[in-house]
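Source file: protein_13.tsv. Holds: TSV, C-alpha atoms.
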chain	number	residue	atom	x	y	z
B	16	MET	CA	-9.83	-23.85	44.40
B	17	LYS	CA	-9.24	-27.55	43.82
B	18	PHE	CA	-10.46	-30.59	41.92
B	19	SER	CA	-12.46	-33.37	43.53
B	20	ASN	CA	-10.87	-36.81	43.82
B	21	SER	CA	-13.12	-38.17	41.08
B	22	ILE	CA	-11.99	-35.44	38.67
B	23	ILE	CA	-8.35	-36.02	39.58
B	24	ASP	CA	-8.78	-39.69	38.69
B	25	GLU	CA	-10.08	-38.69	35.24
B	26	LEU	CA	-7.47	-36.03	34.61
B	27	LYS	CA	-4.42	-38.21	35.35
B	28	TYR	CA	-1.38	-36.27	34.02
B	29	TYR	CA	-2.24	-33.09	32.16
B	30	VAL	CA	-0.78	-29.95	30.56
B	31	TYR	CA	-2.26	-26.58	31.49
B	32	ILE	CA	-2.20	-22.96	30.37
B	33	TYR	CA	-2.27	-19.65	32.22
B	34	SER	CA	-3.32	-16.67	30.12
B	35	HIS	CA	-4.45	-13.07	30.44
B	36	PRO	CA	-8.23	-13.04	31.09
B	37	GLU	CA	-8.91	-10.20	28.63
B	38	THR	CA	-6.32	-10.57	25.86
B	39	ASN	CA	-6.03	-14.38	26.05
B	40	GLU	CA	-2.26	-13.98	25.77
B	41	ILE	CA	-0.67	-17.14	27.17
B	42	PHE	CA	2.01	-16.39	29.75
B	43	TYR	CA	2.71	-19.79	31.34
B	44	ILE	CA	2.67	-23.46	30.32
B	45	GLY	CA	2.89	-26.26	32.87
B	46	LYS	CA	2.28	-29.96	33.41
B	47	GLY	CA	1.03	-31.72	36.48
B	48	LYS	CA	-1.25	-34.08	38.28
B	49	GLY	CA	-3.86	-33.61	40.97
B	50	ASN	CA	-4.23	-29.95	41.92
B	51	ARG	CA	-0.84	-28.86	40.61
B	52	VAL	CA	-2.50	-26.41	38.22
B	53	PHE	CA	-3.66	-24.22	41.12
B	54	ASN	CA	-0.38	-24.06	43.04
B	55	HIS	CA	0.84	-20.95	41.22
B	56	LEU	CA	-2.00	-18.90	42.72
B	57	LYS	CA	-0.38	-19.20	46.15
B	58	ASP	CA	3.27	-19.39	45.13
B	59	PRO	CA	5.37	-17.32	47.61
B	60	SER	CA	8.33	-16.89	45.25
B	61	GLU	CA	9.23	-13.75	43.31
B	62	SER	CA	9.41	-15.43	39.92
B	63	HIS	CA	8.38	-13.66	36.73
B	64	LYS	CA	5.26	-15.82	36.63
B	65	VAL	CA	4.22	-14.83	40.16
B	66	GLN	CA	4.89	-11.16	39.42
B	67	TYR	CA	2.63	-11.41	36.38
B	68	ILE	CA	-0.16	-13.00	38.43
B	69	GLU	CA	0.22	-10.37	41.17
B	70	LYS	CA	0.00	-7.61	38.57
B	71	LEU	CA	-3.26	-9.09	37.32
B	72	LYS	CA	-4.59	-9.19	40.88
B	73	SER	CA	-3.64	-5.53	41.39
B	74	GLU	CA	-5.82	-4.73	38.36
B	75	GLY	CA	-8.73	-6.68	39.79
B	76	LEU	CA	-8.21	-9.60	37.40
B	77	LYS	CA	-7.54	-13.31	37.74
B	78	PRO	CA	-5.50	-15.43	35.32
B	79	LYS	CA	-7.48	-17.57	32.91
B	80	ILE	CA	-6.62	-21.22	33.61
B	81	GLU	CA	-7.23	-23.97	31.05
B	82	ILE	CA	-6.34	-27.64	30.74
B	83	LEU	CA	-4.80	-28.14	27.30
B	84	ILE	CA	-4.72	-31.95	27.38
B	85	HIS	CA	-5.47	-34.53	30.06
B	86	GLY	CA	-5.96	-38.24	30.61
B	87	LEU	CA	-2.26	-38.94	30.08
B	88	ASP	CA	-1.04	-42.10	31.82
B	89	ASP	CA	2.65	-41.36	31.34
B	90	GLU	CA	4.35	-38.32	32.89
B	91	ASN	CA	6.95	-38.32	30.10
B	92	ILE	CA	4.20	-37.78	27.55
B	93	ALA	CA	2.94	-34.80	29.54
B	94	LEU	CA	6.49	-33.44	29.70
B	95	ASN	CA	6.91	-33.80	25.93
B	96	VAL	CA	3.59	-32.07	25.23
B	97	GLU	CA	4.52	-29.24	27.61
B	98	SER	CA	7.89	-28.87	25.89
B	99	SER	CA	6.33	-28.82	22.42
B	100	VAL	CA	3.87	-26.08	23.37
B	101	ILE	CA	6.64	-23.99	24.93
B	102	ASP	CA	8.69	-24.37	21.75
B	103	LEU	CA	5.70	-23.40	19.62
B	104	ILE	CA	4.89	-20.25	21.59
B	105	GLY	CA	8.52	-19.40	22.32
B	106	ILE	CA	10.15	-19.26	25.76
B	107	ARG	CA	10.72	-15.51	25.32
B	108	ASN	CA	6.95	-14.99	25.18
B	109	LEU	CA	6.31	-16.86	28.43
B	110	THR	CA	7.10	-16.48	32.11
B	111	ASN	CA	8.47	-20.04	32.25
B	112	LYS	CA	12.03	-20.08	33.58
B	113	GLN	CA	13.28	-22.59	31.04
B	114	SER	CA	12.39	-24.52	27.94
B	115	GLY	CA	10.56	-27.76	28.37
B	116	TYR	CA	11.71	-31.33	28.92
B	117	LYS	CA	14.47	-32.36	26.47
B	118	SER	CA	13.67	-29.32	24.33
B	119	ALA	CA	17.21	-29.15	23.00
B	120	ALA	CA	17.27	-32.78	21.89
B	121	PHE	CA	13.70	-33.26	20.65
B	122	GLY	CA	12.23	-29.74	20.39
B	123	ARG	CA	11.20	-27.67	17.42
B	124	MET	CA	13.63	-28.11	14.50
B	125	THR	CA	13.81	-27.42	10.80
B	126	ILE	CA	13.95	-30.33	8.36
B	127	ASP	CA	17.61	-29.50	7.69
B	128	GLN	CA	18.38	-29.70	11.43
B	129	ILE	CA	16.62	-33.06	11.71
B	130	ASN	CA	18.65	-34.43	8.81
B	131	ALA	CA	21.90	-33.05	10.24
B	132	LEU	CA	21.23	-34.57	13.66
B	133	TYR	CA	20.28	-38.07	12.54
B	134	ASN	CA	22.21	-38.39	9.29
B	135	LYS	CA	25.51	-36.82	10.27
B	136	GLN	CA	27.85	-35.97	7.42
B	137	PRO	CA	31.50	-35.54	8.53
B	138	VAL	CA	33.38	-32.53	7.22
B	139	ASN	CA	37.09	-31.95	6.80
B	140	ILE	CA	38.05	-28.58	8.26
B	141	ASP	CA	40.77	-26.83	6.26
B	142	ALA	CA	40.66	-23.41	7.96
B	143	PRO	CA	41.98	-22.17	11.34
B	144	VAL	CA	38.99	-22.83	13.57
B	145	ILE	CA	38.00	-23.07	17.22
B	146	LEU	CA	35.19	-25.55	17.89
B	147	ILE	CA	32.97	-24.53	20.82
B	148	ARG	CA	30.56	-27.08	22.23
B	149	ILE	CA	27.52	-25.43	23.81
B	150	ASN	CA	25.58	-28.60	24.61
B	151	GLN	CA	24.27	-27.45	28.00
B	152	ALA	CA	22.99	-24.06	26.83
B	153	PHE	CA	21.77	-24.98	23.36
B	154	ARG	CA	18.19	-25.31	22.20
B	155	PHE	CA	16.95	-25.31	18.63
B	156	SER	CA	14.55	-22.45	19.34
B	157	MET	CA	17.38	-20.06	20.24
B	158	THR	CA	17.37	-16.74	18.42
B	159	GLU	CA	20.31	-15.77	16.24
B	160	ALA	CA	21.43	-13.33	18.95
B	161	GLU	CA	21.17	-15.93	21.74
B	162	LEU	CA	23.20	-18.49	19.80
B	163	TYR	CA	25.90	-15.90	19.17
B	164	GLU	CA	26.03	-14.85	22.83
B	165	TYR	CA	26.33	-18.39	24.17
B	166	THR	CA	28.92	-19.35	21.56
B	167	ARG	CA	31.21	-16.38	21.86
B	168	GLY	CA	31.77	-16.03	25.55
B	169	ARG	CA	33.00	-16.95	28.97
B	170	TRP	CA	35.44	-19.69	28.00
B	171	LYS	CA	38.60	-20.93	29.65
B	172	LEU	CA	41.01	-21.30	26.77
B	173	ASN	CA	44.51	-20.70	25.44
B	174	PRO	CA	44.44	-17.03	24.33
B	175	ALA	CA	47.46	-17.42	22.05
B	176	ARG	CA	45.95	-20.36	20.17
B	177	ALA	CA	42.49	-18.83	20.07
B	178	ALA	CA	43.95	-15.64	18.55
B	179	ASN	CA	45.05	-17.68	15.52
B	180	ALA	CA	41.54	-18.95	14.80
B	181	LYS	CA	39.74	-17.18	11.99
B	182	TYR	CA	36.39	-18.85	12.63
B	183	ALA	CA	34.41	-20.13	15.62
B	184	PHE	CA	31.93	-22.98	15.17
B	185	ALA	CA	28.96	-23.41	17.51
B	186	ILE	CA	28.68	-27.17	18.14
B	187	TYR	CA	25.71	-29.12	19.50
B	188	GLN	CA	25.78	-32.94	19.59
B	189	GLY	CA	28.71	-32.95	17.20
B	190	VAL	CA	26.94	-30.84	14.56
B	191	ILE	CA	27.97	-27.31	13.50
B	192	GLN	CA	24.97	-25.11	14.29
B	193	GLU	CA	26.51	-21.82	13.18
B	194	VAL	CA	29.77	-20.40	11.83
B	195	TYR	CA	31.23	-17.09	13.02
B	196	GLU	CA	34.09	-15.00	11.73
B	197	ILE	CA	36.13	-13.84	14.72
B	198	PHE	CA	37.14	-10.18	14.92
B	199	ASP	CA	38.96	-10.22	18.26
B	200	TRP	CA	39.19	-11.87	21.68
B	201	HIS	CA	38.54	-9.99	24.93
B	202	LYS	CA	38.49	-10.63	28.65
B	203	ALA	CA	35.08	-12.06	29.57
B	204	GLY	CA	32.62	-9.39	30.61
B	205	SER	CA	34.45	-6.55	28.89
B	206	THR	CA	32.13	-6.32	25.86
B	207	ASN	CA	28.41	-5.62	25.67
B	208	SER	CA	26.31	-8.76	26.17
B	209	THR	CA	22.64	-9.62	26.58
B	210	ARG	CA	23.50	-12.86	28.33
B	211	PRO	CA	22.36	-13.18	31.99
B	212	THR	CA	25.08	-12.53	34.56
B	213	ASN	CA	23.71	-14.82	37.30
B	214	GLU	CA	23.97	-18.23	35.61
B	215	GLU	CA	26.65	-19.67	37.87
B	216	LYS	CA	25.02	-19.64	41.28
B	217	GLY	CA	27.04	-18.79	44.36
B	218	LEU	CA	29.71	-16.84	42.49
B	219	ASN	CA	30.10	-13.10	42.11
B	220	THR	CA	30.80	-11.55	38.73
B	221	ALA	CA	34.57	-11.35	39.21
B	222	GLU	CA	34.79	-15.03	40.22
B	223	ARG	CA	32.60	-16.11	37.29
B	224	LEU	CA	34.64	-14.33	34.67
B	225	LYS	CA	38.15	-14.75	36.04
B	226	ASN	CA	40.57	-16.17	33.44
B	227	ARG	CA	37.77	-16.47	30.90
B	228	PHE	CA	37.51	-14.97	27.43
B	229	GLU	CA	34.93	-14.01	24.83
B	230	PHE	CA	35.15	-13.07	21.18
B	231	THR	CA	33.44	-10.45	19.08
B	232	GLY	CA	32.55	-11.35	15.54
B	233	THR	CA	29.81	-11.87	13.01
B	234	ILE	CA	28.14	-14.69	11.10
B	235	ALA	CA	30.57	-15.87	8.43
B	236	SER	CA	30.09	-15.38	4.71
B	237	GLU	CA	27.46	-17.50	3.00
B	238	ALA	CA	30.15	-19.47	1.16
B	239	ILE	CA	31.80	-20.49	4.45
B	240	ARG	CA	28.47	-21.26	6.11
B	241	LYS	CA	27.40	-23.41	3.18
B	242	ARG	CA	30.58	-25.43	3.46
B	243	TYR	CA	30.45	-26.10	7.19
B	244	ARG	CA	27.04	-25.40	8.77
B	245	LEU	CA	25.04	-28.50	9.82
B	246	MET	CA	28.00	-30.77	9.08
B	247	SER	CA	29.40	-33.18	11.67
B	248	VAL	CA	32.67	-32.70	13.58
B	249	GLU	CA	32.20	-35.63	15.95
B	250	HIS	CA	35.31	-37.30	14.52
B	251	TYR	CA	37.47	-34.46	15.85
B	252	PHE	CA	36.57	-35.19	19.48
B	253	ARG	CA	38.07	-38.17	21.23
B	254	LYS	CA	35.67	-40.34	23.17
B	255	GLY	CA	35.50	-39.17	26.78
B	256	ASN	CA	36.83	-35.70	25.97
B	257	SER	CA	34.61	-33.27	27.88
B	258	ASN	CA	36.51	-30.08	27.06
B	259	PRO	CA	34.12	-27.77	25.20
B	260	ILE	CA	37.01	-26.19	23.28
B	261	MET	CA	38.84	-27.76	20.35
B	262	TYR	CA	41.44	-26.06	18.12
B	263	ILE	CA	41.80	-27.01	14.46
B	264	LYS	CA	44.77	-25.82	12.39
B	265	VAL	CA	45.76	-23.11	14.89

Could you take the file, read its structure, and then write that structure out as structure tokens?
Amino acid sequence: MKFSNSIIDELKYYVYIYSHPETNEIFYIGKGKGNRVFNHLKDPSESHKVQYIEKLKSEGLKPKIEILIHGLDDENIALNVESSVIDLIGIRNLTNKQSGYKSAAFGRMTIDQINALYNKQPVNIDAPVILIRINQAFRFSMTEAELYEYTRGRWKLNPARAANAKYAFAIYQGVIQEVYEIFDWHKAGSTNSTRPTNEEKGLNTAERLKNRFEFTGTIASEAIRKRYRLMSVEHYFRKGNSNPIMYIKV
């Protein structure tokens, strides 16, 4: 299956959809050019997407393939459309491995999140707090459970100082995304977690978690959240400081 050259010329860059042929449930979103849309039908990998397609084949079915938008001259536009659709449907409802292009920076956000990102209001922290920057893992479409898991764990830090912190703040681009009350600190990997264990490639579990820590806790009281959530803490980080951990009043 492939497009003719004349059709490829008309399509330019495009965004496409794979869905179940009977339920119309979308299971994959992609962007491409030329015959990219058909490549997944002969993909030799063992990805979730390929497993889904193979399951359909075993049932005597073929995935329904549609072009969502085409005629795009700029690949970046196609990437942004792809990302927006993934955010709308939700990465957890798809077989895509990751959120779309710049989803964290420009993806689906509430009005409050938009205001907090582009009209940053600095806050003075007067409680014992540990600031935890999760810039690489963060996306605005994260569930409450995902944000907690990526904030609380697998950090190299000073256990004695961390033990004095009453709250942990999840920080993305200098803005407090959530506020947690800390119950206790533990060796990384010693508490129940839904977070994937294979994120750091080439390392076994012991190597990944060695000398790292995670906390258990809960979302802070509404009074504390109202004071700090979506406020800016950029002024606490020195320019060039790449350490994801910052201690305040501990």

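Counting all atoms listed in the file and comparing B:Ile260, B:Leu109, B:Leu103, B:Val138, the residue that lies closest to Lys64 (chain B) is B:Leu109.
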
Practice problem: For CA of Asp24 (chain B) and CA of Ile82 (chain B), quote the distance in Å rounded to one decimal. | Solution: 14.6 Å

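Nearest to Ile126 (chain B) of all the residues B:Leu245, B:Leu71, B:Phe252, B:Tyr165 is B:Leu245, counting all atoms listed in the file.
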
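Across the structure, CA of Val265 (chain B) and CA of Pro143 (chain B) are spaced 5.3 Å apart.
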
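Within 6 Å of the point (19.3, -25.2, 14.4) in file coordinates, and counting only C-alpha atoms, lie the residues Gln128, Phe155 and Gln192 of chain B.
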
Practice problem: For Ile149 (chain B), work out the shell of residues within 7 Å, counting all atoms listed in the file and skipping chain neighbours fewer than 4 positions away, then give it as a ChimeraX atom specification. | Solution: /B:153,166,185-187

Quiz prompt | Atom-to-atom span, CA of Glu249 (chain B) and CA of Pro137 (chain B), Å | solution = 7.5 Å

Self-check item: Polymer residues at most 8 Å from (-8.2, -35.9, 28.5) by all atoms listed in the file, as a list in words
Solution: Glu25, Leu26, Tyr29, Ile84, His85, Gly86 and Leu87 of chain B

Practice problem: Find the residue from B:Asn108, B:Phe228, B:Tyr243, B:Leu94 that sits nearest to Asp141 (chain B); use all atoms listed in the file when measuring. | Solution: B:Tyr243
